[in-house]
file entry-v1.cif (mmCIF, C-alpha atoms)
data_work
#
loop_
_atom_site.label_atom_id
_atom_site.label_comp_id
_atom_site.auth_asym_id
_atom_site.auth_seq_id
_atom_site.Cartn_x
_atom_site.Cartn_y
_atom_site.Cartn_z
CA MET Y 4 -9.96 27.30 -11.71
CA LYS Y 5 -10.43 24.62 -9.07
CA LYS Y 6 -7.30 23.37 -7.28
CA ILE Y 7 -7.15 19.68 -6.38
CA LEU Y 8 -4.49 18.58 -3.90
CA ILE Y 9 -3.41 14.96 -4.21
CA THR Y 10 -1.48 13.10 -1.52
CA GLY Y 11 0.35 9.93 -2.51
CA CYS Y 12 0.56 11.17 -6.11
CA ASN Y 13 3.19 8.57 -7.07
CA GLY Y 14 1.11 5.58 -6.01
CA GLN Y 15 -1.21 3.58 -8.24
CA LEU Y 16 -4.27 5.67 -7.48
CA GLY Y 17 -2.47 9.02 -7.47
CA ARG Y 18 -1.13 8.29 -10.95
CA ALA Y 19 -4.56 7.23 -12.14
CA VAL Y 20 -6.15 10.46 -10.88
CA ASN Y 21 -3.62 12.57 -12.76
CA LEU Y 22 -4.04 10.54 -15.94
CA PHE Y 23 -7.82 10.68 -15.79
CA TYR Y 24 -7.91 14.47 -15.57
CA THR Y 25 -5.21 15.10 -18.18
CA GLY Y 26 -6.26 17.98 -20.39
CA ARG Y 27 -8.75 19.51 -17.94
CA THR Y 28 -7.96 23.21 -18.20
CA ASP Y 29 -10.46 24.08 -15.46
CA LEU Y 30 -8.52 22.13 -12.86
CA GLU Y 31 -5.09 22.68 -11.30
CA PHE Y 32 -3.44 19.75 -9.55
CA ILE Y 33 -1.14 20.11 -6.59
CA ASN Y 34 0.72 16.80 -6.45
CA THR Y 35 2.34 15.76 -3.19
CA ASP Y 36 3.97 12.62 -1.87
CA VAL Y 37 6.11 11.58 1.06
CA ASP Y 38 9.14 13.43 -0.33
CA ASN Y 39 7.49 16.85 -0.23
CA LEU Y 40 4.60 16.58 2.25
CA ASN Y 41 4.60 14.79 5.59
CA ILE Y 42 0.88 14.37 6.20
CA ALA Y 43 1.63 13.20 9.76
CA ASP Y 44 2.86 16.73 10.57
CA ILE Y 45 -0.16 18.94 11.22
CA ASP Y 46 1.81 22.18 10.93
CA THR Y 47 3.16 21.27 7.50
CA VAL Y 48 -0.26 20.22 6.29
CA MET Y 49 -1.91 23.39 7.57
CA GLU Y 50 0.75 25.60 6.02
CA LEU Y 51 0.27 24.06 2.58
CA MET Y 52 -3.52 24.12 2.81
CA ARG Y 53 -3.65 27.76 3.88
CA LYS Y 54 -1.26 28.68 1.08
CA THR Y 55 -2.96 26.79 -1.74
CA LYS Y 56 -6.62 26.81 -0.57
CA PRO Y 57 -7.65 23.80 -2.68
CA TYR Y 58 -11.20 23.02 -3.74
CA ALA Y 59 -10.63 19.40 -2.71
CA ILE Y 60 -8.07 16.97 -1.32
CA ILE Y 61 -7.85 13.45 -2.70
CA ASN Y 62 -6.01 11.42 -0.09
CA CYS Y 63 -4.30 8.58 -1.93
CA ALA Y 64 -1.51 8.28 0.65
CA ALA Y 65 -1.43 5.09 2.71
CA TYR Y 66 0.92 2.58 4.25
CA THR Y 67 -0.53 -0.53 2.62
CA ALA Y 68 2.14 -3.14 3.40
CA VAL Y 69 -0.25 -5.08 5.61
CA ASP Y 70 2.33 -7.49 7.04
CA ALA Y 71 4.83 -4.72 7.72
CA CYS Y 72 2.09 -2.79 9.54
CA GLU Y 73 2.06 -5.51 12.19
CA THR Y 74 5.61 -4.63 13.25
CA ASN Y 75 5.82 -0.99 12.12
CA ARG Y 76 2.73 0.06 14.05
CA ASP Y 77 3.80 3.63 14.71
CA LEU Y 78 4.50 4.25 11.03
CA ALA Y 79 1.17 2.68 10.04
CA PHE Y 80 -0.63 4.90 12.55
CA LYS Y 81 1.19 8.05 11.45
CA VAL Y 82 0.46 7.59 7.74
CA ASN Y 83 -2.95 5.93 7.80
CA THR Y 84 -4.58 7.49 10.86
CA LEU Y 85 -2.75 10.64 11.87
CA GLY Y 86 -2.34 11.71 8.26
CA ALA Y 87 -6.07 11.37 7.63
CA ARG Y 88 -6.80 13.30 10.84
CA ASN Y 89 -4.55 16.17 9.81
CA LEU Y 90 -6.04 16.38 6.34
CA ALA Y 91 -9.54 16.38 7.81
CA ILE Y 92 -8.69 19.24 10.18
CA ALA Y 93 -7.11 21.21 7.34
CA ALA Y 94 -10.05 20.53 5.02
CA GLN Y 95 -12.50 21.75 7.63
CA GLU Y 96 -10.60 24.98 8.27
CA THR Y 97 -10.13 25.82 4.59
CA LYS Y 98 -13.58 24.59 3.51
CA ALA Y 99 -12.10 22.02 1.15
CA LYS Y 100 -13.73 18.74 0.24
CA LEU Y 101 -11.89 15.62 1.37
CA VAL Y 102 -11.85 12.38 -0.59
CA HIS Y 103 -10.43 9.71 1.70
CA ILE Y 104 -9.65 6.21 0.41
CA SER Y 105 -10.33 3.35 2.80
CA THR Y 106 -10.35 -0.42 2.55
CA ASP Y 107 -12.15 -3.74 2.90
CA TYR Y 108 -9.73 -4.49 5.76
CA VAL Y 109 -11.96 -2.51 8.14
CA PHE Y 110 -14.06 -5.72 8.18
CA ASP Y 111 -12.92 -9.06 9.59
CA GLY Y 112 -14.11 -10.92 6.49
CA THR Y 113 -16.32 -13.46 8.27
CA LYS Y 114 -19.70 -12.29 6.97
CA GLN Y 115 -21.67 -14.46 4.60
CA GLY Y 116 -22.51 -12.23 1.64
CA ALA Y 117 -21.36 -8.79 0.60
CA TYR Y 118 -20.59 -6.05 3.11
CA TYR Y 119 -22.77 -2.94 3.07
CA GLU Y 120 -21.73 0.52 4.26
CA THR Y 121 -23.99 0.08 7.29
CA ASP Y 122 -22.38 -3.16 8.46
CA PRO Y 123 -20.34 -2.94 11.68
CA THR Y 124 -16.58 -2.87 11.24
CA GLY Y 125 -14.16 -5.12 13.10
CA PRO Y 126 -10.68 -5.20 11.59
CA ALA Y 127 -8.43 -8.18 12.28
CA SER Y 128 -5.10 -6.50 11.46
CA VAL Y 129 -3.10 -3.42 12.41
CA TYR Y 130 -3.57 -2.07 8.89
CA GLY Y 131 -7.32 -2.47 9.17
CA ARG Y 132 -7.44 -0.84 12.59
CA THR Y 133 -5.46 2.19 11.42
CA LYS Y 134 -7.82 2.62 8.47
CA GLU Y 135 -10.90 2.17 10.65
CA ALA Y 136 -9.60 4.84 13.03
CA ALA Y 137 -8.97 7.14 10.08
CA GLU Y 138 -12.57 6.81 8.92
CA LYS Y 139 -13.86 7.75 12.36
CA LEU Y 140 -11.62 10.81 12.58
CA VAL Y 141 -12.56 12.02 9.11
CA LYS Y 142 -16.24 11.79 10.04
CA GLU Y 143 -15.68 13.62 13.32
CA LEU Y 144 -13.40 16.39 12.10
CA CYS Y 145 -14.77 17.60 8.79
CA ASN Y 146 -18.18 18.06 7.19
CA ARG Y 147 -17.43 17.78 3.48
CA PHE Y 148 -16.02 14.28 3.11
CA PHE Y 149 -16.30 11.31 0.79
CA ILE Y 150 -14.93 8.08 2.28
CA LEU Y 151 -14.52 5.39 -0.38
CA ARG Y 152 -13.75 1.84 0.69
CA THR Y 153 -12.18 -0.16 -2.10
CA ALA Y 154 -10.49 -3.56 -2.41
CA TRP Y 155 -8.03 -5.60 -4.47
CA LEU Y 156 -6.84 -2.48 -6.28
CA TYR Y 157 -4.59 -2.62 -9.33
CA GLY Y 158 -3.20 0.01 -11.68
CA ASP Y 159 0.15 1.51 -12.64
CA GLY Y 160 2.37 0.05 -9.95
CA LYS Y 161 2.95 -3.04 -7.85
CA ASN Y 162 -0.16 -5.21 -7.78
CA PHE Y 163 -1.41 -8.80 -7.99
CA ALA Y 164 -1.91 -8.84 -11.76
CA ARG Y 165 1.63 -7.64 -12.43
CA THR Y 166 3.01 -10.13 -9.91
CA MET Y 167 1.26 -12.98 -11.76
CA LEU Y 168 2.67 -11.79 -15.10
CA ARG Y 169 6.15 -11.65 -13.63
CA ILE Y 170 5.80 -15.20 -12.32
CA ALA Y 171 4.66 -16.33 -15.78
CA GLU Y 172 8.02 -15.28 -17.20
CA SER Y 173 9.88 -17.92 -15.21
CA SER Y 174 7.35 -20.55 -14.14
CA ASP Y 175 4.53 -22.58 -15.62
CA LYS Y 176 2.78 -23.18 -12.28
CA VAL Y 177 1.74 -21.03 -9.33
CA ARG Y 178 -0.08 -21.65 -6.05
CA VAL Y 179 -2.86 -19.15 -5.37
CA VAL Y 180 -5.39 -18.96 -2.56
CA CYS Y 181 -8.93 -19.98 -3.48
CA ASP Y 182 -10.83 -19.40 -0.22
CA GLN Y 183 -10.44 -15.62 -0.08
CA ILE Y 184 -13.02 -13.83 -2.22
CA GLY Y 185 -13.29 -10.22 -3.27
CA THR Y 186 -13.58 -7.95 -6.26
CA PRO Y 187 -10.52 -6.90 -8.27
CA THR Y 188 -10.88 -3.16 -8.88
CA SER Y 189 -8.97 -1.05 -11.37
CA THR Y 190 -7.72 2.37 -10.41
CA LEU Y 191 -9.46 3.71 -13.51
CA GLU Y 192 -12.85 2.54 -12.26
CA LEU Y 193 -12.16 3.93 -8.81
CA VAL Y 194 -11.22 7.32 -10.25
CA LYS Y 195 -14.44 7.33 -12.29
CA GLY Y 196 -16.30 6.81 -9.03
CA ILE Y 197 -14.36 9.61 -7.35
CA ASP Y 198 -15.13 11.93 -10.27
CA SER Y 199 -18.86 11.21 -9.98
CA LEU Y 200 -18.77 12.48 -6.39
CA LEU Y 201 -16.05 15.13 -6.37
CA PHE Y 202 -18.05 18.03 -7.75
CA SER Y 203 -21.22 17.15 -5.87
CA ASP Y 204 -22.44 17.63 -2.31
CA ASN Y 205 -23.32 13.95 -1.96
CA TYR Y 206 -21.07 13.47 1.06
CA GLY Y 207 -20.71 10.31 3.11
CA LEU Y 208 -19.37 6.77 3.15
CA PHE Y 209 -19.32 4.70 -0.02
CA HIS Y 210 -18.18 1.24 -1.05
CA ALA Y 211 -16.30 1.55 -4.33
CA THR Y 212 -15.27 -1.62 -6.14
CA CYS Y 213 -15.94 -3.20 -9.49
CA GLU Y 214 -19.01 -5.42 -9.63
CA GLY Y 215 -18.99 -9.18 -9.13
CA GLN Y 216 -16.65 -11.38 -7.15
CA CYS Y 217 -13.98 -14.04 -7.51
CA SER Y 218 -11.19 -15.73 -5.59
CA TRP Y 219 -7.51 -14.86 -5.94
CA ALA Y 220 -7.10 -18.11 -7.88
CA ASP Y 221 -9.90 -17.09 -10.26
CA PHE Y 222 -8.27 -13.70 -10.71
CA ALA Y 223 -4.91 -15.28 -11.52
CA GLU Y 224 -6.46 -17.59 -14.12
CA LYS Y 225 -8.18 -14.61 -15.75
CA VAL Y 226 -4.92 -12.65 -15.93
CA PHE Y 227 -3.05 -15.57 -17.49
CA ALA Y 228 -5.84 -16.22 -20.00
CA LEU Y 229 -5.92 -12.59 -21.12
CA ALA Y 230 -2.13 -12.52 -21.40
CA GLY Y 231 -2.03 -15.76 -23.35
CA LYS Y 232 0.19 -17.38 -20.73
CA GLU Y 233 0.00 -21.12 -20.17
CA VAL Y 234 0.45 -21.17 -16.41
CA ALA Y 235 -1.29 -23.76 -14.24
CA VAL Y 236 -2.96 -22.26 -11.18
CA GLU Y 237 -2.91 -24.61 -8.20
CA ALA Y 238 -5.82 -23.46 -6.04
CA VAL Y 239 -4.97 -23.86 -2.35
CA THR Y 240 -6.60 -22.89 0.92
CA THR Y 241 -5.25 -20.06 3.03
CA ALA Y 242 -4.05 -22.60 5.59
CA GLN Y 243 -2.15 -24.52 2.91
CA TYR Y 244 -0.60 -21.34 1.53
CA LEU Y 245 0.52 -20.14 4.97
CA THR Y 246 2.39 -23.39 5.54
CA ASP Y 247 4.86 -22.37 2.84
CA TYR Y 248 4.48 -18.59 2.96
CA PRO Y 249 3.77 -17.36 6.50
CA GLN Y 250 2.09 -13.97 6.81
CA GLN Y 251 1.92 -11.75 9.87
CA ALA Y 252 -1.41 -10.05 9.12
CA ALA Y 253 -4.75 -11.79 8.81
CA ARG Y 254 -6.44 -11.41 5.42
CA PRO Y 255 -10.25 -11.13 5.23
CA ALA Y 256 -11.75 -14.32 3.81
CA ASN Y 257 -14.60 -12.23 2.40
CA SER Y 258 -13.71 -8.85 0.91
CA VAL Y 259 -16.81 -8.42 -1.26
CA LEU Y 260 -18.24 -4.92 -0.87
CA GLU Y 261 -21.72 -3.94 -2.03
CA ASN Y 262 -21.69 -0.50 -3.70
CA TYR Y 263 -25.08 0.24 -2.19
CA MET Y 264 -24.70 3.96 -1.51
CA PHE Y 265 -23.39 4.63 -5.00
CA LYS Y 266 -26.43 2.88 -6.44
CA MET Y 267 -28.94 4.53 -4.13
CA THR Y 268 -27.64 8.11 -4.06
CA ASN Y 269 -25.36 8.64 -7.01
CA GLY Y 270 -26.44 6.55 -9.97
CA PHE Y 271 -22.87 5.74 -10.94
CA SER Y 272 -22.23 2.11 -11.90
CA PHE Y 273 -18.84 0.44 -11.70
CA ALA Y 274 -17.79 -1.96 -14.44
CA GLY Y 275 -17.74 -5.68 -13.76
CA TRP Y 276 -14.35 -6.94 -12.57
CA GLU Y 277 -13.83 -9.08 -15.68
CA GLU Y 278 -14.53 -6.15 -18.01
CA ALA Y 279 -12.17 -3.91 -16.03
CA ILE Y 280 -9.26 -6.35 -16.02
CA GLU Y 281 -9.71 -6.89 -19.75
CA GLU Y 282 -9.30 -3.16 -20.32
CA TYR Y 283 -6.30 -3.04 -18.01
CA MET Y 284 -4.56 -5.97 -19.68
CA LYS Y 285 -4.73 -4.22 -23.03
CA THR Y 286 -2.22 -1.75 -21.60
CA MET Y 287 0.04 -4.56 -20.36
CA ILE Y 288 0.35 -6.73 -23.47
#
call {"tool": "encode", "arguments": {"input": "entry-v1.cif", "output": "structure tokens"}}
result
Amino acid sequence: MKKILITGCNGQLGRAVNLFYTGRTDLEFINTDVDNLNIADIDTVMELMRKTKPYAIINCAAYTAVDACETNRDLAFKVNTLGARNLAIAAQETKAKLVHISTDYVFDGTKQGAYYETDPTGPASVYGRTKEAAEKLVKELCNRFFILRTAWLYGDGKNFARTMLRIAESSDKVRVVCDQIGTPTSTLELVKGIDSLLFSDNYGLFHATCEGQCSWADFAEKVFALAGKEVAVEAVTTAQYLTDYPQQAARPANSVLENYMFKMTNGFSFAGWEEAIEEYMKTMI
């Protein structure tokens, strides 16, 4: 029986991983979160890894409050960077595979067209810098790694789609940014991508999002349409939005990732973003 250790098991992705593998009698899951595993403590991580000797680690733990990262820099570094470093060291010693989840925020978002895995990074926020540093450490410290960059993730937890539905309960109009583009990605689709790699030796860096692209305003309109909510979406620029709702961290204007390495080396295809959100909304209505 293969043991799979999950960090951040109570987050959107951690929950999705557990749900996806429900019923697999050949797998044993070791679920951890901040309450029972401090990934920033190397001794604690090593103790657990040596005791359990997992086949793989799926690192779903992250400090993703991008504005809070600007002021809580030490915490962001400990969770996002130091935690990834410690897991990479432990994976290397125990010969475990490491699945590390990264982000579109490693790019500054100024490129015209989709980002490829080979494009140079250049994060414009503390969050992005901590995740970029994590990627570098994972590559340096262990041999059996899968780094998956994803974006605009939604699942069982706090996310944009649920925020829009909550707004629809009390308002018939919402302002949403229209000049930031990306690809809404369901946790289910991301887990499918993880599964296609996990039991292989196809190690490396992968972009992992649903196919296609849209703006946040487009995404909001799609959510309302699927939910049957008559809410007017006022499309505004980032500059207009920040006038009323200041933000500390810069958001990438372009978060579109090309899943090139998946297509070239794996053969797995992600669903289109519209198809994925339709499936997700069936669970919400």
call {"tool": "resolve_selection", "arguments": {"input": "entry-v1.cif", "expression": "the PyMOL selection byres ((chain Y and resi 241) around 10)", "output": "VMD selection string"}}
result
chain Y and resid 179 to 183 238 to 240 242 to 246 248 254 256
call {"tool": "closest_residue", "arguments": {"input": "entry-v1.cif", "among": "Y:Ala127, Y:Glu233, Y:Trp155, Y:Cys145", "to": "Y:Ser174", "atoms": "only C-alpha atoms"}}
result
Y:Glu233
call {"tool": "resolve_selection", "arguments": {"input": "entry-v1.cif", "expression": "the PyMOL selection byres ((chain Y and resi 34-43) around 6)", "output": "list in words"}}
result
Ile9, Thr10, Gly11, Cys12, Phe32, Ile33, Asp44, Val48, Lys81, Leu85 and Gly86 of chain Y
call {"tool": "closest_residue", "arguments": {"input": "entry-v1.cif", "among": "Y:Thr28, Y:Asn21, Y:Val234, Y:Glu281", "to": "Y:Ser173", "atoms": "only C-alpha atoms"}}
result
Y:Val234
call {"tool": "closest_atom_pairs", "arguments": {"input": "entry-v1.cif", "of": "stretch 142-238 of chain Y", "to": "stretch 51-66 of chain Y", "cutoff": "12 Å", "atoms": "all atoms listed in the file", "output": "JSON lines"}}
result
{"residue": "Y:Arg147", "atom": "CA", "partner": "Y:Ala59", "partner_atom": "CA", "distance": 9.3}
{"residue": "Y:Phe148", "atom": "CA", "partner": "Y:Ala59", "partner_atom": "CA", "distance": 9.4}
{"residue": "Y:Phe149", "atom": "CA", "partner": "Y:Ile61", "partner_atom": "CA", "distance": 9.4}
{"residue": "Y:Ile150", "atom": "CA", "partner": "Y:Asn62", "partner_atom": "CA", "distance": 9.8}
{"residue": "Y:Leu151", "atom": "CA", "partner": "Y:Asn62", "partner_atom": "CA", "distance": 10.4}
{"residue": "Y:Arg152", "atom": "CA", "partner": "Y:Cys63", "partner_atom": "CA", "distance": 11.9}
{"residue": "Y:Thr153", "atom": "CA", "partner": "Y:Cys63", "partner_atom": "CA", "distance": 11.8}
{"residue": "Y:Thr190", "atom": "CA", "partner": "Y:Cys63", "partner_atom": "CA", "distance": 11.1}
{"residue": "Y:Leu193", "atom": "CA", "partner": "Y:Cys63", "partner_atom": "CA", "distance": 11.4}
{"residue": "Y:Val194", "atom": "CA", "partner": "Y:Ile61", "partner_atom": "CA", "distance": 10.3}
{"residue": "Y:Ile197", "atom": "CA", "partner": "Y:Ile61", "partner_atom": "CA", "distance": 8.9}
{"residue": "Y:Asp198", "atom": "CA", "partner": "Y:Ile61", "partner_atom": "CA", "distance": 10.6}
{"residue": "Y:Leu200", "atom": "CA", "partner": "Y:Ala59", "partner_atom": "CA", "distance": 11.3}
{"residue": "Y:Leu201", "atom": "CA", "partner": "Y:Ala59", "partner_atom": "CA", "distance": 7.8}
{"residue": "Y:Phe202", "atom": "CA", "partner": "Y:Ala59", "partner_atom": "CA", "distance": 9.1}
{"residue": "Y:Ser203", "atom": "CA", "partner": "Y:Ala59", "partner_atom": "CA", "distance": 11.3}
{"residue": "Y:Asp204", "atom": "CA", "partner": "Y:Ala59", "partner_atom": "CA", "distance": 11.9}
call {"tool": "closest_residue", "arguments": {"input": "entry-v1.cif", "among": "Y:Thr113, Y:Thr166, Y:Asn257, Y:Ser199", "to": "Y:Phe227", "atoms": "all atoms listed in the file"}}
result
Y:Thr166
call {"tool": "atom_distance", "arguments": {"input": "entry-v1.cif", "atom1": "atom CA of Y:Ala117", "atom2": "atom CA of Y:Thr212"}}
result
11.6 Å
call {"tool": "resolve_selection", "arguments": {"input": "entry-v1.cif", "expression": "the PyMOL selection byres ((chain Y and resi 106) around 8)", "output": "list in words"}}
result
Ile104, Ser105, Asp107, Tyr108, Val109, Gly131, Lys134, Leu151, Arg152, Thr153 and Ala154 of chain Y
call {"tool": "write_last_selection", "arguments": {"input": "entry-v1.cif", "atoms": "C-alpha atoms", "output": "PDB file, in the frame of the given file"}}
result
ATOM      1  CA  ILE Y 104      -9.650   6.210   0.410  1.00  0.00           C
ATOM      2  CA  SER Y 105     -10.330   3.350   2.800  1.00  0.00           C
ATOM      3  CA  ASP Y 107     -12.150  -3.740   2.900  1.00  0.00           C
ATOM      4  CA  TYR Y 108      -9.730  -4.490   5.760  1.00  0.00           C
ATOM      5  CA  VAL Y 109     -11.960  -2.510   8.140  1.00  0.00           C
ATOM      6  CA  GLY Y 131      -7.320  -2.470   9.170  1.00  0.00           C
ATOM      7  CA  LYS Y 134      -7.820   2.620   8.470  1.00  0.00           C
ATOM      8  CA  LEU Y 151     -14.520   5.390  -0.380  1.00  0.00           C
ATOM      9  CA  ARG Y 152     -13.750   1.840   0.690  1.00  0.00           C
ATOM     10  CA  THR Y 153     -12.180  -0.160  -2.100  1.00  0.00           C
ATOM     11  CA  ALA Y 154     -10.490  -3.560  -2.410  1.00  0.00           C
TER      12      ALA Y 154
END
call {"tool": "atom_distance", "arguments": {"input": "entry-v1.cif", "atom1": "atom CA of Y:Gly125", "atom2": "atom CA of Y:Trp219"}}
result
22.4 Å
call {"tool": "closest_residue", "arguments": {"input": "entry-v1.cif", "among": "Y:Glu172, Y:Glu214, Y:Glu143, Y:Asp159", "to": "Y:Ala274", "atoms": "only C-alpha atoms"}}
result
Y:Glu214
call {"tool": "residues_around", "arguments": {"input": "entry-v1.cif", "residues": "stretch 258-270 of chain Y", "least_positions_apart": "6", "cutoff": "7 Å", "atoms": "all atoms listed in the file", "output": "NGL selection string"}}
result
:Y and (107 or 112 or 117-119 or 184-186 or 209-212 or 216)
call {"tool": "atom_distance", "arguments": {"input": "entry-v1.cif", "atom1": "atom CA of Y:Gly116", "atom2": "atom CA of Y:Pro187"}}
result
16.4 Å
call {"tool": "residues_near_point", "arguments": {"input": "entry-v1.cif", "point": "(-13.5, 25.6, 5.5)", "cutoff": "10 Å", "atoms": "all atoms listed in the file", "output": "ChimeraX atom specification"}}
result
/Y:56,58,92-100,145-147
call {"tool": "residues_around", "arguments": {"input": "entry-v1.cif", "residues": "Y:Tyr130", "least_positions_apart": "3", "cutoff": "6 Å", "atoms": "all atoms listed in the file", "output": "list in words"}}
result
Val69, Cys72 and Thr133 of chain Y
call {"tool": "closest_residue", "arguments": {"input": "entry-v1.cif", "among": "Y:Ala253, Y:Leu156, Y:Ile280, Y:Cys213", "to": "Y:Ala71", "atoms": "only C-alpha atoms"}}
result
Y:Ala253
call {"tool": "residues_near_point", "arguments": {"input": "entry-v1.cif", "point": "(-5.1, -9.5, -9.9)", "cutoff": "10 Å", "atoms": "only C-alpha atoms", "output": "PyMOL selection string"}}
result
chain Y and resi 155-158+162-168+186-189+218-227+276+280
call {"tool": "closest_residue", "arguments": {"input": "entry-v1.cif", "among": "Y:Leu208, Y:Ala230, Y:Leu78, Y:Ile7", "to": "Y:Tyr283", "atoms": "all atoms listed in the file"}}
result
Y:Ala230
call {"tool": "build_atoms", "arguments": {"input": "entry-v1.cif", "residues": "stretch 198-221 of chain Y", "atoms": "N, CA and C atoms", "output": "short mmCIF file (atom, residue, chain, number, x, y, z; two decimals), in the frame of the given file"}}
result
data_model
loop_
_atom_site.label_atom_id
_atom_site.label_comp_id
_atom_site.auth_asym_id
_atom_site.auth_seq_id
_atom_site.Cartn_x
_atom_site.Cartn_y
_atom_site.Cartn_z
N ASP Y 198 -14.71 10.80 -9.43
CA ASP Y 198 -15.13 11.93 -10.27
C ASP Y 198 -16.63 12.15 -10.18
N SER Y 199 -17.40 11.08 -10.04
CA SER Y 199 -18.86 11.21 -9.98
C SER Y 199 -19.31 11.87 -8.68
N LEU Y 200 -18.45 11.88 -7.68
CA LEU Y 200 -18.77 12.48 -6.39
C LEU Y 200 -18.12 13.85 -6.18
N LEU Y 201 -16.93 14.03 -6.73
CA LEU Y 201 -16.05 15.13 -6.37
C LEU Y 201 -16.70 16.50 -6.49
N PHE Y 202 -17.48 16.71 -7.50
CA PHE Y 202 -18.05 18.03 -7.75
C PHE Y 202 -19.50 18.12 -7.29
N SER Y 203 -19.88 17.17 -6.43
CA SER Y 203 -21.22 17.15 -5.87
C SER Y 203 -21.16 17.43 -4.37
N ASP Y 204 -22.34 17.50 -3.76
CA ASP Y 204 -22.44 17.63 -2.31
C ASP Y 204 -22.99 16.34 -1.70
N ASN Y 205 -22.81 15.25 -2.41
CA ASN Y 205 -23.32 13.95 -1.96
C ASN Y 205 -22.31 13.29 -1.02
N TYR Y 206 -22.11 13.91 0.13
CA TYR Y 206 -21.07 13.47 1.06
C TYR Y 206 -21.46 12.18 1.78
N GLY Y 207 -20.44 11.50 2.31
CA GLY Y 207 -20.71 10.31 3.11
C GLY Y 207 -19.74 9.18 2.84
N LEU Y 208 -20.15 8.00 3.26
CA LEU Y 208 -19.37 6.77 3.15
C LEU Y 208 -19.88 5.93 2.00
N PHE Y 209 -18.96 5.48 1.16
CA PHE Y 209 -19.32 4.70 -0.02
C PHE Y 209 -18.41 3.48 -0.17
N HIS Y 210 -18.98 2.37 -0.59
CA HIS Y 210 -18.18 1.24 -1.05
C HIS Y 210 -17.93 1.45 -2.54
N ALA Y 211 -16.71 1.18 -2.97
CA ALA Y 211 -16.30 1.55 -4.33
C ALA Y 211 -15.40 0.47 -4.93
N THR Y 212 -16.02 -0.56 -5.46
CA THR Y 212 -15.27 -1.62 -6.14
C THR Y 212 -15.97 -1.95 -7.45
N CYS Y 213 -15.27 -2.66 -8.31
CA CYS Y 213 -15.94 -3.20 -9.49
C CYS Y 213 -17.03 -4.17 -9.04
N GLU Y 214 -17.90 -4.52 -9.96
CA GLU Y 214 -19.01 -5.42 -9.63
C GLU Y 214 -18.57 -6.89 -9.78
N GLY Y 215 -19.28 -7.76 -9.06
CA GLY Y 215 -18.99 -9.18 -9.13
C GLY Y 215 -18.01 -9.62 -8.07
N GLN Y 216 -17.60 -10.86 -8.13
CA GLN Y 216 -16.65 -11.38 -7.15
C GLN Y 216 -15.92 -12.59 -7.72
N CYS Y 217 -14.76 -12.87 -7.12
CA CYS Y 217 -13.98 -14.04 -7.51
C CYS Y 217 -12.99 -14.33 -6.40
N SER Y 218 -12.28 -15.42 -6.52
CA SER Y 218 -11.19 -15.73 -5.59
C SER Y 218 -9.88 -15.24 -6.20
N TRP Y 219 -8.83 -15.22 -5.39
CA TRP Y 219 -7.51 -14.86 -5.94
C TRP Y 219 -7.09 -15.83 -7.03
N ALA Y 220 -7.44 -17.11 -6.86
CA ALA Y 220 -7.10 -18.11 -7.88
C ALA Y 220 -7.83 -17.83 -9.19
N ASP Y 221 -9.12 -17.46 -9.07
CA ASP Y 221 -9.90 -17.09 -10.26
C ASP Y 221 -9.27 -15.88 -10.96
#
